[in-house]
Amino acid sequence: MLKSIPPAGTQIKFAEIFGSLSSILSKGHSSEEFRQRFCEYFQVKDCFLTSSGRAALTLILKTLKRLRNKDEVIIPAYTCFSVPSAIAKAGLKIKLCDISLETLDLDSEKWLNLIDENTLAVLPVYHFGLAHSNMDIIAHCREKKVFVIEDVAQAMGAKFRNQYLGTFGDVGFFSLGRGKNITAVEGGIILSQDEEVSSLLKQELSNLRKTPGIEFFCKTLIYKIFLNPHLYWIPEGIPALKLGESEFSLDFDLHSLSEYQAKVGASLLHRLEDINRIRIRNASYLISGLKDSDNVSLFPLHDESYSVYLRLPILFKDSSERERVFQSLKKKKLGASKMYPTSLDKIPGIEKYLASSLDELVKSHQVEKTILTLPTHPYLKENDLHNIIEIIKEGGK
């Protein structure tokens with residue numbers, strides 16, 4: 001029987017898919033219920049529901065731009081292409097910072113020197129659910145009156161010092177996209193602790209159109225069916241679907257989340273801890289099997305941090321070894337991914353959106369050539385995890 005493991009995904013129950021249909025006639029009740037549950041869960045003052053993570057970031061930036069007459073946003077030079085897409089769509093400039101090889105986030109020796117009188121915001125990113133401290137960034141930015149936007153699109157449920165990531169900065173945002181911690185197939189969530197920011201966000205969102213719920217019922221049902229490893233090979237074999245591709249584009253809409261998606265999201269929020277526990281268990285199995293391997297480096301565990309491992313990233317010594325292992329894992333259809341194709345400075349056409357001449361991005365360029373991410377989701381069996389470990393330890397031979 002054909003079998004292909006997805007790189008990422010979240011199991012949605014048929015009961016959640018069909019049980020959420022009543023929300024289509026709820027006239028806002030499901031969205032409000034989801035918002036209240038989310039605020040209570042993450043202990044924040046307010047949250048807002050949008051059509052995607054990049055829509056969430058765009059709306060955040062448009063709001064913050066109204067509060068401060070500045071136009072540059074500092075981000076890691078290696079991250080999802082949706083991040084610079086949102087900055088450009090908001091009419092702001094992108095300033096790239098090299099990354100740390102311990103966190104994949106902003107390099108602590110570089111970001112400080114990039115802040116100047118034009119800096120509107122700094123955007124730390126918690127890639128693949130890896131948790132770590134950004135307290136130095138937050139403290140310095142508050143002193144300089146620079147906003148901190150936490151990108152927790154891939155880290156819902158991750159913590160530092162027993163506090164959820166996304167609640168430390170001025171604003172945070174999550175994604176409800178297909179491969180995220182919980183999913184509504186598409187969607188985004190903004191967390192706000194500031195009353196002035198919340199008030200302006202309400203204005204930004206007040207005129208957004210809601211998409212029809214029935215459309216997302218169909219999408220969610222299809223997602224559920226074809227995420228199964230025994231069927232995933234079907235969408236995987238259709239290039240037009242562009243599964244897992246990261247795209248730099250300003251051509252995306254800003255909508256509110258549909259009532260149906262809000263209902264599905266609320267159901268999955270109840271299961272977030274259980275879903276993350278499975279990912280942590282699978283990541284721990286992989287880490288244990290690879291920790292003594294000579295050909296890969298694992299990312300260190302940080303004190304007082306609770307990572308949720310949306311995927312498990314590993315680094316190879318060189319690009320050729322990464323390629324050998326990737327091709328072997330791909331042949332066995334074990335769900336490995338190279339992730340983002342390049343660092344952001346190499347995206348065609350991005351030059352006109354960059355704030356200034358680029359600093360050296362040595363680590364970002366190194367990571368783009370040597371990173372591989374491994375699946376951790378609930379569809380993995382112990383035999384799959386064992387095979388992934390063996391292929392990596394053998395160098396793809």
# chains A, B, ... in the order shown; residues from 1 in each chain; ligands from 1
$ select_by_dssp --residues "segment 16-199 of chain A" --states "helix (DSSP H, G or I)" --output "ChimeraX atom specification"
/A:16-19,21-25,29-42,53-67,82-89,111-114,127-129,135-143,195-199
$ residues_around --residues "Asp105 of chain A" --least-positions-apart "3" --cutoff "6 Å" --atoms "only C-alpha atoms" --output "VMD selection string"
chain A and resid 99 to 100 125
$ residues_around --residues "Cys39 of chain A" --least-positions-apart "3" --cutoff "12 Å" --atoms "only C-alpha atoms" --output "ChimeraX atom specification"
/A:32-36,42-49,164,166-167,189-193,266,269
$ write_last_selection --atoms "C-alpha atoms" --output "mmCIF file, in the first residue's frame"
data_model
loop_
_atom_site.group_PDB
_atom_site.id
_atom_site.type_symbol
_atom_site.label_atom_id
_atom_site.label_comp_id
_atom_site.auth_asym_id
_atom_site.auth_seq_id
_atom_site.Cartn_x
_atom_site.Cartn_y
_atom_site.Cartn_z
ATOM 1 C CA GLU A 32 -16.774 35.510 20.218
ATOM 2 C CA GLU A 33 -16.638 32.198 22.072
ATOM 3 C CA PHE A 34 -13.290 31.346 20.476
ATOM 4 C CA ARG A 35 -11.892 34.787 21.323
ATOM 5 C CA GLN A 36 -12.944 34.486 24.948
ATOM 6 C CA PHE A 42 -3.245 32.595 27.190
ATOM 7 C CA GLN A 43 -4.202 35.088 29.914
ATOM 8 C CA VAL A 44 -4.233 38.129 27.649
ATOM 9 C CA LYS A 45 -6.534 41.143 27.550
ATOM 10 C CA ASP A 46 -7.662 40.823 23.946
ATOM 11 C CA CYS A 47 -7.320 38.777 20.786
ATOM 12 C CA PHE A 48 -8.500 39.122 17.199
ATOM 13 C CA LEU A 49 -9.250 36.537 14.506
ATOM 14 C CA TYR A 164 3.236 31.408 27.029
ATOM 15 C CA GLY A 166 3.404 35.496 22.405
ATOM 16 C CA THR A 167 2.456 37.199 25.681
ATOM 17 C CA ILE A 189 -4.862 35.116 15.741
ATOM 18 C CA ILE A 190 -3.526 38.378 17.196
ATOM 19 C CA LEU A 191 -2.810 38.748 20.914
ATOM 20 C CA SER A 192 -2.765 42.248 22.399
ATOM 21 C CA GLN A 193 -2.013 43.434 25.918
ATOM 22 C CA ALA A 266 -12.171 26.347 19.663
ATOM 23 C CA LEU A 269 -7.803 24.548 21.498
#
$ residues_around --residues "Thr211 of chain A" --least-positions-apart "3" --cutoff "8 Å" --atoms "only C-alpha atoms" --output "MDAnalysis selection string"
chainID A and resid 215 255:258
$ residues_around --residues "Phe326 of chain A" --least-positions-apart "6" --cutoff "12 Å" --atoms "only C-alpha atoms" --output "list in words"
Ile314, Leu315, Phe316, Ser319, Ser320, Lys332, Lys333, Leu334, Gly335, Ala336, Ser337, Lys338, Met339, Lys369, Thr370, Ile371, Leu372, Thr373, Leu374, Ile388, Ile391, Ile392, Gly395, Gly396 and Lys397 of chain A
$ write_last_selection --atoms "N, CA and C atoms" --output "CSV table (one decimal), in the first residue's frame"
chain,number,residue,atom,x,y,z
A,314,ILE,N,17.3,20.0,12.4
A,314,ILE,CA,18.6,19.5,12.6
A,314,ILE,C,19.5,20.2,11.6
A,315,LEU,N,20.8,20.3,11.9
A,315,LEU,CA,21.8,20.9,11.0
A,315,LEU,C,22.9,19.9,10.6
A,316,PHE,N,23.2,19.9,9.3
A,316,PHE,CA,24.3,19.0,8.8
A,316,PHE,C,25.6,19.8,8.7
A,319,SER,N,26.2,21.0,2.9
A,319,SER,CA,25.0,20.9,2.1
A,319,SER,C,24.9,19.6,1.3
A,320,SER,N,26.1,19.0,0.9
A,320,SER,CA,26.0,17.8,0.2
A,320,SER,C,25.5,16.6,1.0
A,332,LYS,N,12.0,7.3,0.8
A,332,LYS,CA,11.2,6.5,1.7
A,332,LYS,C,9.9,7.2,2.1
A,333,LYS,N,9.7,8.4,1.6
A,333,LYS,CA,8.5,9.2,1.9
A,333,LYS,C,8.3,9.3,3.5
A,334,LEU,N,9.3,9.8,4.1
A,334,LEU,CA,9.3,9.9,5.6
A,334,LEU,C,9.1,11.4,6.1
A,335,GLY,N,8.7,12.3,5.2
A,335,GLY,CA,8.2,13.6,5.6
A,335,GLY,C,9.2,14.6,6.0
A,336,ALA,N,10.5,14.4,5.6
A,336,ALA,CA,11.5,15.4,5.9
A,336,ALA,C,11.4,16.6,4.9
A,337,SER,N,11.8,17.8,5.4
A,337,SER,CA,11.7,19.0,4.5
A,337,SER,C,12.9,19.9,4.7
A,338,LYS,N,13.3,20.5,3.6
A,338,LYS,CA,14.4,21.5,3.7
A,338,LYS,C,13.9,22.8,4.2
A,339,MET,N,12.6,23.0,4.3
A,339,MET,CA,12.0,24.3,4.7
A,339,MET,C,12.3,25.4,3.7
A,369,LYS,N,21.5,26.1,3.7
A,369,LYS,CA,22.1,25.0,3.0
A,369,LYS,C,22.2,23.7,3.8
A,370,THR,N,22.0,23.8,5.1
A,370,THR,CA,22.3,22.7,5.9
A,370,THR,C,21.2,22.2,6.8
A,371,ILE,N,20.1,23.0,6.9
A,371,ILE,CA,19.0,22.6,7.8
A,371,ILE,C,18.1,21.5,7.1
A,372,LEU,N,17.6,20.7,8.0
A,372,LEU,CA,16.5,19.7,7.6
A,372,LEU,C,15.6,19.6,8.7
A,373,THR,N,14.3,19.6,8.4
A,373,THR,CA,13.3,19.5,9.5
A,373,THR,C,12.6,18.1,9.4
A,374,LEU,N,12.4,17.5,10.6
A,374,LEU,CA,11.8,16.2,10.6
A,374,LEU,C,10.4,16.2,11.2
A,388,ILE,N,13.8,7.0,10.2
A,388,ILE,CA,14.3,8.3,10.1
A,388,ILE,C,15.7,8.4,10.7
A,391,ILE,N,18.4,6.3,8.8
A,391,ILE,CA,18.9,6.9,7.5
A,391,ILE,C,19.8,8.1,7.8
A,392,ILE,N,19.5,8.9,8.8
A,392,ILE,CA,20.3,10.1,9.1
A,392,ILE,C,21.7,9.6,9.6
A,395,GLY,N,24.0,8.6,7.0
A,395,GLY,CA,24.4,9.6,6.1
A,395,GLY,C,23.7,9.5,4.7
A,396,GLY,N,22.5,8.8,4.7
A,396,GLY,CA,21.7,8.7,3.5
A,396,GLY,C,22.2,7.7,2.6
A,397,LYS,N,23.1,6.8,3.0
A,397,LYS,CA,23.7,5.8,2.1
A,397,LYS,C,22.8,4.6,2.0
$ select_by_dssp --residues "segment 167-340 of chain A" --states "strand (DSSP E or B)" --output "list in words"
Val171, Gly172, Phe173, Phe174, Ser175, Gly188, Ile189, Ile190, Leu191, Ser192, Lys210, Ser256, Val296, Ser297, Leu298, Ser305, Tyr306, Arg311, Leu312, Pro313, Ile314, Leu315, Phe316 and Ser337 of chain A
$ residues_around --residues "Tyr232 of chain A" --least-positions-apart "3" --cutoff "8 Å" --atoms "only C-alpha atoms" --output "list of chain:residue names"
A:Lys3, A:Ser4, A:Ile5, A:Pro6, A:Phe226, A:Leu227, A:Asn228, A:Pro229, A:Pro235, A:Glu236
$ write_last_selection --atoms "N, CA and C atoms" --output "JSON list (two decimals), in the first residue's frame"
[["chain", "number", "residue", "atom", "x", "y", "z"],
["A", 3, "LYS", "N", 2.26, 4.80, 0.89],
["A", 3, "LYS", "CA", 2.26, 5.56, 2.14],
["A", 3, "LYS", "C", 3.26, 6.70, 2.02],
["A", 4, "SER", "N", 2.83, 7.90, 2.41],
["A", 4, "SER", "CA", 3.70, 9.07, 2.40],
["A", 4, "SER", "C", 3.38, 9.92, 3.61],
["A", 5, "ILE", "N", 4.36, 10.13, 4.47],
["A", 5, "ILE", "CA", 4.14, 10.89, 5.70],
["A", 5, "ILE", "C", 4.21, 12.38, 5.40],
["A", 6, "PRO", "N", 3.21, 13.17, 5.80],
["A", 6, "PRO", "CA", 3.27, 14.62, 5.61],
["A", 6, "PRO", "C", 4.38, 15.24, 6.45],
["A", 226, "PHE", "N", -7.06, 13.71, 3.30],
["A", 226, "PHE", "CA", -5.81, 13.53, 2.57],
["A", 226, "PHE", "C", -4.56, 13.74, 3.41],
["A", 227, "LEU", "N", -4.71, 14.13, 4.70],
["A", 227, "LEU", "CA", -3.55, 14.20, 5.57],
["A", 227, "LEU", "C", -3.10, 12.80, 6.00],
["A", 228, "ASN", "N", -4.00, 11.85, 5.91],
["A", 228, "ASN", "CA", -3.66, 10.46, 6.25],
["A", 228, "ASN", "C", -2.50, 9.97, 5.38],
["A", 229, "PRO", "N", -1.44, 9.41, 5.98],
["A", 229, "PRO", "CA", -0.28, 8.98, 5.20],
["A", 229, "PRO", "C", -0.60, 8.01, 4.05],
["A", 235, "PRO", "N", -2.33, 14.39, -2.95],
["A", 235, "PRO", "CA", -2.06, 15.83, -3.10],
["A", 235, "PRO", "C", -0.57, 16.13, -3.25],
["A", 236, "GLU", "N", 0.28, 15.29, -2.65],
["A", 236, "GLU", "CA", 1.72, 15.49, -2.75],
["A", 236, "GLU", "C", 2.19, 15.41, -4.21]]
$ atom_distance --atom1 "atom CA of Leu241 of chain A" --atom2 "atom CA of Leu176 of chain A"
18.2 Å
$ closest_residue --among "A:Ser22, A:Thr103, A:Ser307, A:Ser199" --to "Lys363 of chain A" --atoms "only C-alpha atoms"
A:Thr103
$ residues_around --residues "segment 296-304 of chain A" --least-positions-apart "6" --cutoff "8 Å" --atoms "only C-alpha atoms" --output "list of chain:residue names"
A:Leu101, A:Glu102, A:Thr103, A:Ala131, A:His132, A:Phe160, A:Arg161, A:Asn162, A:Ile287, A:Leu290, A:Pro313, A:Ile314, A:Leu315, A:Phe316, A:Lys317
$ atom_distance --atom1 "atom CA of Val308 of chain A" --atom2 "atom CA of Gly129 of chain A"
5.0 Å
$ closest_residue --among "A:Ile389, A:Val367, A:Ile137, A:Val264" --to "Lys13 of chain A" --atoms "only C-alpha atoms"
A:Val264
$ closest_residue --among "A:Pro239, A:Asn134, A:Ala355, A:Thr79" --to "Ile115 of chain A" --atoms "only C-alpha atoms"
A:Ala355
$ closest_residue --among "A:Leu165, A:Val325, A:Ile94, A:Ala262" --to "Val185 of chain A" --atoms "only C-alpha atoms"
A:Ala262
$ closest_residue --among "A:Lys62, A:Lys95, A:Lys393, A:His127" --to "Cys80 of chain A" --atoms "only C-alpha atoms"
A:His127
$ decode --residues "segment 118-163 of chain A" --atoms "N, CA and C atoms" --output "PDB file, in the first residue's frame"
ATOM      1  N   ASN A 118      14.572  54.947  12.917  1.00  0.00           N
ATOM      2  CA  ASN A 118      13.526  54.546  11.973  1.00  0.00           C
ATOM      3  C   ASN A 118      12.843  53.228  12.348  1.00  0.00           C
ATOM      4  N   THR A 119      13.303  52.587  13.424  1.00  0.00           N
ATOM      5  CA  THR A 119      12.797  51.262  13.781  1.00  0.00           C
ATOM      6  C   THR A 119      11.425  51.347  14.427  1.00  0.00           C
ATOM      7  N   LEU A 120      10.438  50.790  13.761  1.00  0.00           N
ATOM      8  CA  LEU A 120       9.086  50.712  14.314  1.00  0.00           C
ATOM      9  C   LEU A 120       8.958  49.505  15.234  1.00  0.00           C
ATOM     10  N   ALA A 121       9.500  48.359  14.800  1.00  0.00           N
ATOM     11  CA  ALA A 121       9.300  47.128  15.560  1.00  0.00           C
ATOM     12  C   ALA A 121      10.436  46.143  15.318  1.00  0.00           C
ATOM     13  N   VAL A 122      10.649  45.281  16.300  1.00  0.00           N
ATOM     14  CA  VAL A 122      11.536  44.125  16.183  1.00  0.00           C
ATOM     15  C   VAL A 122      10.661  42.885  16.277  1.00  0.00           C
ATOM     16  N   LEU A 123      10.933  41.902  15.420  1.00  0.00           N
ATOM     17  CA  LEU A 123      10.070  40.742  15.324  1.00  0.00           C
ATOM     18  C   LEU A 123      10.860  39.448  15.560  1.00  0.00           C
ATOM     19  N   PRO A 124      10.966  38.997  16.810  1.00  0.00           N
ATOM     20  CA  PRO A 124      11.572  37.691  17.066  1.00  0.00           C
ATOM     21  C   PRO A 124      10.654  36.562  16.601  1.00  0.00           C
ATOM     22  N   VAL A 125      11.247  35.468  16.132  1.00  0.00           N
ATOM     23  CA  VAL A 125      10.483  34.340  15.595  1.00  0.00           C
ATOM     24  C   VAL A 125      10.877  33.060  16.330  1.00  0.00           C
ATOM     25  N   TYR A 126       9.879  32.315  16.780  1.00  0.00           N
ATOM     26  CA  TYR A 126      10.127  31.044  17.458  1.00  0.00           C
ATOM     27  C   TYR A 126       9.910  29.905  16.455  1.00  0.00           C
ATOM     28  N   HIS A 127      10.938  29.655  15.658  1.00  0.00           N
ATOM     29  CA  HIS A 127      10.834  28.682  14.584  1.00  0.00           C
ATOM     30  C   HIS A 127      10.571  27.275  15.113  1.00  0.00           C
ATOM     31  N   PHE A 128       9.644  26.586  14.463  1.00  0.00           N
ATOM     32  CA  PHE A 128       9.366  25.160  14.691  1.00  0.00           C
ATOM     33  C   PHE A 128       8.974  24.849  16.135  1.00  0.00           C
ATOM     34  N   GLY A 129       8.521  25.876  16.866  1.00  0.00           N
ATOM     35  CA  GLY A 129       8.100  25.659  18.251  1.00  0.00           C
ATOM     36  C   GLY A 129       9.237  25.618  19.249  1.00  0.00           C
ATOM     37  N   LEU A 130      10.438  26.087  18.851  1.00  0.00           N
ATOM     38  CA  LEU A 130      11.581  26.124  19.762  1.00  0.00           C
ATOM     39  C   LEU A 130      11.450  27.327  20.695  1.00  0.00           C
ATOM     40  N   ALA A 131      11.431  27.071  21.976  1.00  0.00           N
ATOM     41  CA  ALA A 131      11.252  28.138  22.967  1.00  0.00           C
ATOM     42  C   ALA A 131      12.601  28.609  23.507  1.00  0.00           C
ATOM     43  N   HIS A 132      12.700  29.910  23.735  1.00  0.00           N
ATOM     44  CA  HIS A 132      13.904  30.502  24.322  1.00  0.00           C
ATOM     45  C   HIS A 132      13.528  31.901  24.807  1.00  0.00           C
ATOM     46  N   SER A 133      14.435  32.534  25.500  1.00  0.00           N
ATOM     47  CA  SER A 133      14.166  33.857  26.063  1.00  0.00           C
ATOM     48  C   SER A 133      14.457  34.965  25.050  1.00  0.00           C
ATOM     49  N   ASN A 134      13.587  35.955  25.004  1.00  0.00           N
ATOM     50  CA  ASN A 134      13.841  37.193  24.269  1.00  0.00           C
ATOM     51  C   ASN A 134      13.703  38.393  25.202  1.00  0.00           C
ATOM     52  N   MET A 135      13.958  38.179  26.490  1.00  0.00           N
ATOM     53  CA  MET A 135      13.771  39.235  27.477  1.00  0.00           C
ATOM     54  C   MET A 135      14.704  40.420  27.242  1.00  0.00           C
ATOM     55  N   ASP A 136      15.923  40.163  26.747  1.00  0.00           N
ATOM     56  CA  ASP A 136      16.845  41.271  26.468  1.00  0.00           C
ATOM     57  C   ASP A 136      16.303  42.171  25.368  1.00  0.00           C
ATOM     58  N   ILE A 137      15.762  41.559  24.325  1.00  0.00           N
ATOM     59  CA  ILE A 137      15.178  42.342  23.232  1.00  0.00           C
ATOM     60  C   ILE A 137      14.016  43.179  23.740  1.00  0.00           C
ATOM     61  N   ILE A 138      13.142  42.552  24.507  1.00  0.00           N
ATOM     62  CA  ILE A 138      11.939  43.239  24.993  1.00  0.00           C
ATOM     63  C   ILE A 138      12.313  44.407  25.902  1.00  0.00           C
ATOM     64  N   ALA A 139      13.264  44.186  26.810  1.00  0.00           N
ATOM     65  CA  ALA A 139      13.670  45.242  27.735  1.00  0.00           C
ATOM     66  C   ALA A 139      14.291  46.422  26.988  1.00  0.00           C
ATOM     67  N   HIS A 140      15.165  46.131  26.041  1.00  0.00           N
ATOM     68  CA  HIS A 140      15.821  47.209  25.296  1.00  0.00           C
ATOM     69  C   HIS A 140      14.828  47.971  24.416  1.00  0.00           C
ATOM     70  N   CYS A 141      13.928  47.241  23.773  1.00  0.00           N
ATOM     71  CA  CYS A 141      12.963  47.894  22.887  1.00  0.00           C
ATOM     72  C   CYS A 141      12.005  48.785  23.675  1.00  0.00           C
ATOM     73  N   ARG A 142      11.622  48.385  24.854  1.00  0.00           N
ATOM     74  CA  ARG A 142      10.751  49.235  25.668  1.00  0.00           C
ATOM     75  C   ARG A 142      11.453  50.528  26.057  1.00  0.00           C
ATOM     76  N   GLU A 143      12.738  50.408  26.337  1.00  0.00           N
ATOM     77  CA  GLU A 143      13.520  51.602  26.678  1.00  0.00           C
ATOM     78  C   GLU A 143      13.603  52.550  25.485  1.00  0.00           C
ATOM     79  N   LYS A 144      13.707  51.991  24.285  1.00  0.00           N
ATOM     80  CA  LYS A 144      13.853  52.796  23.066  1.00  0.00           C
ATOM     81  C   LYS A 144      12.512  53.124  22.411  1.00  0.00           C
ATOM     82  N   LYS A 145      11.401  52.709  23.048  1.00  0.00           N
ATOM     83  CA  LYS A 145      10.055  52.924  22.494  1.00  0.00           C
ATOM     84  C   LYS A 145       9.900  52.290  21.103  1.00  0.00           C
ATOM     85  N   VAL A 146      10.400  51.062  21.012  1.00  0.00           N
ATOM     86  CA  VAL A 146      10.262  50.250  19.806  1.00  0.00           C
ATOM     87  C   VAL A 146       9.354  49.076  20.148  1.00  0.00           C
ATOM     88  N   PHE A 147       8.391  48.790  19.290  1.00  0.00           N
ATOM     89  CA  PHE A 147       7.460  47.684  19.537  1.00  0.00           C
ATOM     90  C   PHE A 147       8.150  46.335  19.350  1.00  0.00           C
ATOM     91  N   VAL A 148       7.711  45.354  20.130  1.00  0.00           N
ATOM     92  CA  VAL A 148       8.139  43.970  19.936  1.00  0.00           C
ATOM     93  C   VAL A 148       6.921  43.143  19.528  1.00  0.00           C
ATOM     94  N   ILE A 149       7.007  42.542  18.344  1.00  0.00           N
ATOM     95  CA  ILE A 149       5.947  41.666  17.829  1.00  0.00           C
ATOM     96  C   ILE A 149       6.476  40.241  17.873  1.00  0.00           C
ATOM     97  N   GLU A 150       5.885  39.390  18.676  1.00  0.00           N
ATOM     98  CA  GLU A 150       6.335  38.004  18.756  1.00  0.00           C
ATOM     99  C   GLU A 150       5.651  37.157  17.679  1.00  0.00           C
ATOM    100  N   ASP A 151       6.470  36.539  16.841  1.00  0.00           N
ATOM    101  CA  ASP A 151       5.953  35.627  15.815  1.00  0.00           C
ATOM    102  C   ASP A 151       5.916  34.228  16.416  1.00  0.00           C
ATOM    103  N   VAL A 152       4.723  33.845  16.856  1.00  0.00           N
ATOM    104  CA  VAL A 152       4.530  32.515  17.445  1.00  0.00           C
ATOM    105  C   VAL A 152       3.654  31.659  16.529  1.00  0.00           C
ATOM    106  N   ALA A 153       3.756  31.921  15.221  1.00  0.00           N
ATOM    107  CA  ALA A 153       2.964  31.176  14.241  1.00  0.00           C
ATOM    108  C   ALA A 153       3.182  29.679  14.365  1.00  0.00           C
ATOM    109  N   GLN A 154       4.404  29.267  14.749  1.00  0.00           N
ATOM    110  CA  GLN A 154       4.740  27.844  14.827  1.00  0.00           C
ATOM    111  C   GLN A 154       4.928  27.365  16.265  1.00  0.00           C
ATOM    112  N   ALA A 155       4.501  28.157  17.233  1.00  0.00           N
ATOM    113  CA  ALA A 155       4.860  27.839  18.624  1.00  0.00           C
ATOM    114  C   ALA A 155       3.699  27.979  19.597  1.00  0.00           C
ATOM    115  N   MET A 156       2.490  27.688  19.164  1.00  0.00           N
ATOM    116  CA  MET A 156       1.351  27.810  20.069  1.00  0.00           C
ATOM    117  C   MET A 156       1.476  26.800  21.203  1.00  0.00           C
ATOM    118  N   GLY A 157       1.515  27.296  22.423  1.00  0.00           N
ATOM    119  CA  GLY A 157       1.642  26.436  23.590  1.00  0.00           C
ATOM    120  C   GLY A 157       3.042  26.376  24.163  1.00  0.00           C
ATOM    121  N   ALA A 158       4.054  26.889  23.439  1.00  0.00           N
ATOM    122  CA  ALA A 158       5.418  26.925  23.953  1.00  0.00           C
ATOM    123  C   ALA A 158       5.520  27.986  25.052  1.00  0.00           C
ATOM    124  N   LYS A 159       6.457  27.763  25.990  1.00  0.00           N
ATOM    125  CA  LYS A 159       6.545  28.653  27.154  1.00  0.00           C
ATOM    126  C   LYS A 159       7.996  29.000  27.481  1.00  0.00           C
ATOM    127  N   PHE A 160       8.131  30.116  28.182  1.00  0.00           N
ATOM    128  CA  PHE A 160       9.381  30.478  28.846  1.00  0.00           C
ATOM    129  C   PHE A 160       9.030  30.921  30.252  1.00  0.00           C
ATOM    130  N   ARG A 161       9.699  30.330  31.223  1.00  0.00           N
ATOM    131  CA  ARG A 161       9.405  30.593  32.638  1.00  0.00           C
ATOM    132  C   ARG A 161       7.917  30.417  32.940  1.00  0.00           C
ATOM    133  N   ASN A 162       7.363  29.380  32.349  1.00  0.00           N
ATOM    134  CA  ASN A 162       5.967  29.001  32.567  1.00  0.00           C
ATOM    135  C   ASN A 162       4.963  30.046  32.073  1.00  0.00           C
ATOM    136  N   GLN A 163       5.417  30.946  31.191  1.00  0.00           N
ATOM    137  CA  GLN A 163       4.524  31.918  30.563  1.00  0.00           C
ATOM    138  C   GLN A 163       4.531  31.663  29.060  1.00  0.00           C
TER     139      GLN A 163
END
